[in-house]
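Engineer: Dropping in work-v4.txt, which is compact mmCIF, C-alpha atoms and all ligand atoms:
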```
# COMPACT_ATOMS: atom_id res chain seq x y z
CA MET A 16 25.05 5.68 -9.14
CA THR A 17 24.32 8.70 -6.99
CA ARG A 18 20.83 9.99 -6.66
CA HIS A 19 21.65 13.04 -8.75
CA ARG A 20 23.03 10.99 -11.59
CA LEU A 21 20.02 8.73 -11.57
CA ALA A 22 17.67 11.72 -11.65
CA PHE A 23 19.67 13.21 -14.50
CA ALA A 24 19.61 9.96 -16.47
CA ILE A 25 15.86 9.65 -16.04
CA MET A 26 15.41 13.25 -17.12
CA MET A 27 17.50 12.72 -20.26
CA LEU A 28 15.49 9.62 -21.11
CA GLY A 29 12.35 11.69 -20.77
CA LEU A 30 13.70 14.43 -23.01
CA ALA A 31 14.80 11.90 -25.62
CA ALA A 32 11.32 10.38 -25.62
CA VAL A 33 9.70 13.78 -26.10
CA ALA A 34 12.11 14.78 -28.87
CA SER A 35 11.67 11.60 -30.85
CA ALA A 36 7.87 11.54 -30.78
CA ASP A 37 7.57 13.17 -34.19
CA ASP A 38 11.03 14.64 -34.70
CA VAL A 39 9.97 18.16 -33.75
CA GLU A 40 11.96 19.89 -31.06
CA ILE A 41 9.97 20.82 -27.96
CA ASP A 42 10.58 24.22 -26.39
CA ALA A 43 11.81 23.56 -22.86
CA PHE A 44 10.04 26.57 -21.34
CA THR A 45 6.60 26.34 -22.92
CA GLY A 46 6.41 22.70 -24.05
CA LEU A 47 5.27 23.92 -27.47
CA LYS A 48 6.51 22.23 -30.65
CA LYS A 49 9.17 24.48 -32.14
CA THR A 50 7.97 24.64 -35.68
CA GLY A 51 6.26 27.16 -37.94
CA ASP A 52 4.77 30.11 -36.08
CA TRP A 53 5.27 28.67 -32.61
CA GLU A 54 6.74 31.95 -31.34
CA ILE A 55 3.52 33.83 -32.17
CA VAL A 56 1.64 31.27 -30.12
CA ARG A 57 4.17 31.60 -27.30
CA ASN A 58 3.81 35.39 -27.37
CA ASN A 59 0.01 35.30 -27.22
CA CYS A 60 -1.02 32.16 -25.41
CA ILE A 61 1.02 31.77 -22.24
CA ALA A 62 -0.06 34.79 -20.21
CA CYS A 63 -3.10 33.31 -18.49
CA HIS A 64 -2.69 29.57 -18.16
CA SER A 65 -0.32 26.67 -18.48
CA THR A 66 0.58 25.70 -22.03
CA LYS A 67 -0.42 22.18 -21.01
CA LEU A 68 -4.00 23.33 -21.58
CA ILE A 69 -2.92 23.92 -25.18
CA THR A 70 -0.63 20.95 -25.79
CA HIS A 71 -3.14 18.52 -24.27
CA GLN A 72 -5.92 19.90 -26.42
CA ARG A 73 -6.69 18.73 -29.96
CA GLY A 74 -8.73 20.29 -32.72
CA ASP A 75 -9.03 21.22 -36.36
CA ALA A 76 -8.81 24.86 -37.44
CA ASP A 77 -12.50 25.54 -36.77
CA GLN A 78 -12.35 23.99 -33.33
CA TRP A 79 -9.23 25.98 -32.37
CA LEU A 80 -10.87 29.15 -33.65
CA ASP A 81 -13.97 28.39 -31.57
CA MET A 82 -11.81 28.07 -28.45
CA ILE A 83 -10.14 31.40 -29.25
CA ARG A 84 -13.54 33.07 -29.76
CA TRP A 85 -14.75 31.63 -26.46
CA MET A 86 -11.68 33.00 -24.65
CA GLN A 87 -12.14 36.37 -26.32
CA LYS A 88 -15.78 36.49 -25.28
CA LYS A 89 -15.53 35.08 -21.77
CA GLN A 90 -11.91 35.19 -20.63
CA ASN A 91 -10.58 38.58 -21.73
CA LEU A 92 -8.37 37.22 -24.46
CA TRP A 93 -7.41 40.12 -26.71
CA GLN A 94 -8.34 40.43 -30.40
CA PHE A 95 -5.85 39.47 -33.09
CA ASP A 96 -5.37 41.01 -36.50
CA ALA A 97 -6.51 38.62 -39.22
CA GLU A 98 -3.05 37.47 -40.25
CA THR A 99 -1.86 36.77 -36.71
CA GLU A 100 -5.05 34.85 -35.98
CA GLN A 101 -4.65 32.82 -39.15
CA ARG A 102 -1.06 31.93 -38.23
CA ILE A 103 -2.00 30.92 -34.69
CA VAL A 104 -4.88 28.74 -35.84
CA THR A 105 -2.75 27.12 -38.56
CA TYR A 106 0.01 26.30 -36.12
CA LEU A 107 -2.43 24.82 -33.63
CA ALA A 108 -4.38 22.77 -36.18
CA GLU A 109 -1.19 21.42 -37.76
CA ASN A 110 0.56 20.54 -34.55
CA TYR A 111 -2.32 19.59 -32.28
CA PRO A 112 -4.88 18.10 -34.70
CA PRO A 113 -7.85 15.94 -33.76
CA ALA A 114 -6.81 12.47 -32.63
CA GLU A 115 -9.13 9.62 -31.80
CA ASP A 116 -7.41 8.74 -28.57
CA ARG A 117 -7.24 12.26 -27.17
CA ARG A 118 -10.68 13.54 -26.34
CA ARG A 119 -14.10 12.06 -26.10
CA ALA A 120 -17.03 13.79 -27.75
CA ALA A 121 -18.88 16.32 -25.63
CA ILE A 122 -21.77 14.97 -23.54
CA PRO A 123 -25.08 15.90 -25.21
CA ALA A 124 -26.74 18.80 -23.41
CA ASP A 125 -29.83 16.77 -22.52
CA LEU A 126 -27.69 14.26 -20.60
CA MET A 127 -25.86 16.90 -18.56
CA PRO A 128 -26.89 17.53 -14.95
CA PRO A 129 -28.19 21.05 -14.24
CA ASN A 130 -25.37 23.54 -13.78
CA PRO A 131 -25.75 25.08 -10.29
CA TYR A 132 -23.43 27.96 -11.26
CA ALA A 133 -25.17 28.94 -14.49
CA LYS A 134 -25.73 32.68 -14.86
CA LYS A 135 -28.35 34.22 -17.07
CA ASP A 136 -25.88 35.45 -19.70
CA ASP A 137 -24.33 31.96 -20.06
CA ALA A 138 -27.45 30.64 -21.74
CA GLU A 139 -26.50 31.23 -25.37
C1 LIG B 201 -6.44 36.53 -21.37
C2 LIG B 201 -6.19 35.21 -20.80
C3 LIG B 201 -5.97 34.07 -21.80
C4 LIG B 201 -5.09 34.02 -22.85
C5 LIG B 201 -4.06 35.06 -23.27
C6 LIG B 201 -5.28 32.73 -23.48
N1 LIG B 201 -6.22 32.01 -22.80
FE1 LIG B 201 -6.74 30.07 -23.15
N2 LIG B 201 -8.00 30.11 -21.56
C7 LIG B 201 -8.17 31.18 -20.70
C8 LIG B 201 -8.99 30.76 -19.58
C9 LIG B 201 -9.39 31.63 -18.39
C10 LIG B 201 -9.30 29.40 -19.80
C11 LIG B 201 -10.09 28.47 -18.88
C12 LIG B 201 -9.05 27.89 -17.95
C13 LIG B 201 -9.60 26.81 -17.07
O1 LIG B 201 -10.60 26.18 -17.42
O2 LIG B 201 -8.97 26.58 -16.03
C14 LIG B 201 -8.66 29.02 -21.04
C15 LIG B 201 -8.72 27.75 -21.58
C16 LIG B 201 -8.03 27.34 -22.70
C17 LIG B 201 -8.09 26.02 -23.28
C18 LIG B 201 -8.93 24.86 -22.77
C19 LIG B 201 -10.25 24.93 -23.51
C20 LIG B 201 -11.10 23.71 -23.31
O3 LIG B 201 -12.09 23.57 -24.07
O4 LIG B 201 -10.80 22.90 -22.43
C21 LIG B 201 -7.30 26.01 -24.37
C22 LIG B 201 -7.04 24.87 -25.32
C23 LIG B 201 -6.72 27.34 -24.49
N3 LIG B 201 -7.19 28.12 -23.44
C24 LIG B 201 -5.87 27.72 -25.50
C25 LIG B 201 -5.35 29.01 -25.63
C26 LIG B 201 -4.61 29.46 -26.79
C27 LIG B 201 -4.28 28.63 -28.01
C28 LIG B 201 -4.27 30.76 -26.57
C29 LIG B 201 -3.57 31.70 -27.49
C30 LIG B 201 -4.29 32.03 -28.72
C31 LIG B 201 -4.80 31.11 -25.25
N4 LIG B 201 -5.46 30.03 -24.73
C32 LIG B 201 -4.62 32.34 -24.63
C33 LIG B 201 -7.63 32.43 -20.84
C34 LIG B 201 -6.67 32.79 -21.76
```
Would it be possible to restate this file's structure as structure tokens?

Structural biologist:
Amino acid sequence: MTRHRLAFAIMMLGLAAVASADDVEIDAFTGLKKTGDWEIVRNNCIACHSTKLITHQRGDADQWLDMIRWMQKKQNLWQFDAETEQRIVTYLAENYPPAEDRRRAAIPADLMPPNPYAKKDDAE
């Protein structure tokens, strides 16, 4: 087998593994699950960072909305009309819901070391 064929075979195995995880097709460009309102998420969520930040994250609707609010407040994410926001949050909560093995609970504030970069307006 040539090197190219081997690489291709390994790639196809990888794709098959991704596709069979829960029978939802994965968009090759964004890595998002192609279901429901995924295109709204693609249109609004890929401008600033890798979609891996999204697909590796887990949360229920409230947690996803909190992340959106944080990005709107601190990272210049634009505002959404209510329906668009609802669709985005629903897609995220349905496709990337909380999972025990995915993320540990946040470290309690009193156990955190002091943040040397903290600015005054971060203390909220
Ligand atoms: C205007 C720019 C911008 C857009 C658009 C944007 N984000 Fe973000 N987002 C950020 C920045 C900046 C960070 C912090 C990146 C880092 O830590 O490296 C971030 C971080 C994240 C994180 C990681 C949060 C955490 O707690 O670790 C997630 C998840 C996320 N974004 C999801 C989304 C989703 C979903 C959308 C679409 C609704 C979106 N982002 C659109 C700027 C943006």

Engineer: Could you pull out the residues sitting within 9 Å of ligand LIG 201 (chain B), using only C-alpha atoms and all ligand atoms, and write them as a compact mmCIF listing (two decimals) with C-alpha atoms, keeping the file's coordinate frame?

Structural biologist:
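Saved result, out.txt, follows:
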```txt
# COMPACT_ATOMS: atom_id res chain seq x y z
CA ILE A 55 3.52 33.83 -32.17
CA VAL A 56 1.64 31.27 -30.12
CA ARG A 57 4.17 31.60 -27.30
CA ASN A 58 3.81 35.39 -27.37
CA ASN A 59 0.01 35.30 -27.22
CA CYS A 60 -1.02 32.16 -25.41
CA ILE A 61 1.02 31.77 -22.24
CA ALA A 62 -0.06 34.79 -20.21
CA CYS A 63 -3.10 33.31 -18.49
CA HIS A 64 -2.69 29.57 -18.16
CA SER A 65 -0.32 26.67 -18.48
CA THR A 66 0.58 25.70 -22.03
CA LYS A 67 -0.42 22.18 -21.01
CA LEU A 68 -4.00 23.33 -21.58
CA ILE A 69 -2.92 23.92 -25.18
CA THR A 70 -0.63 20.95 -25.79
CA HIS A 71 -3.14 18.52 -24.27
CA GLN A 72 -5.92 19.90 -26.42
CA ARG A 73 -6.69 18.73 -29.96
CA GLY A 74 -8.73 20.29 -32.72
CA TRP A 79 -9.23 25.98 -32.37
CA LEU A 80 -10.87 29.15 -33.65
CA MET A 82 -11.81 28.07 -28.45
CA ILE A 83 -10.14 31.40 -29.25
CA TRP A 85 -14.75 31.63 -26.46
CA MET A 86 -11.68 33.00 -24.65
CA GLN A 87 -12.14 36.37 -26.32
CA LYS A 89 -15.53 35.08 -21.77
CA GLN A 90 -11.91 35.19 -20.63
CA ASN A 91 -10.58 38.58 -21.73
CA LEU A 92 -8.37 37.22 -24.46
CA TRP A 93 -7.41 40.12 -26.71
CA PHE A 95 -5.85 39.47 -33.09
CA GLU A 100 -5.05 34.85 -35.98
CA ILE A 103 -2.00 30.92 -34.69
CA VAL A 104 -4.88 28.74 -35.84
CA LEU A 107 -2.43 24.82 -33.63
```

Engineer: One decimal, Å: what's the distance from CA of Glu109 (chain A) over to CA of Asp77 (chain A), could you say?

Structural biologist: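 Atom-to-atom, CA of Glu109 (chain A) to CA of Asp77 (chain A), that is 12.1 Å.
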
Engineer: Could you jot down the CA of Tyr106 (chain A) to CA of Ile122 (chain A) separation for me, Å, one decimal place?

Structural biologist: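 Result for CA of Tyr106 (chain A) versus CA of Ile122 (chain A): 27.6 Å, one decimal.
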
Engineer: What separation in Å, quoted to one decimal, exists between CA of Ala108 (chain A) and CA of Gly51 (chain A)?

Structural biologist: 11.6 Å

Engineer: Which residue is closest to Ala76 (chain A)? Choose from A:Glu98, A:Tyr111, A:Ile41, A:Glu54 and count all atoms listed in the file.

Structural biologist: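 The shortest atom-to-atom distance to Ala76 (chain A) comes from A:Tyr111.
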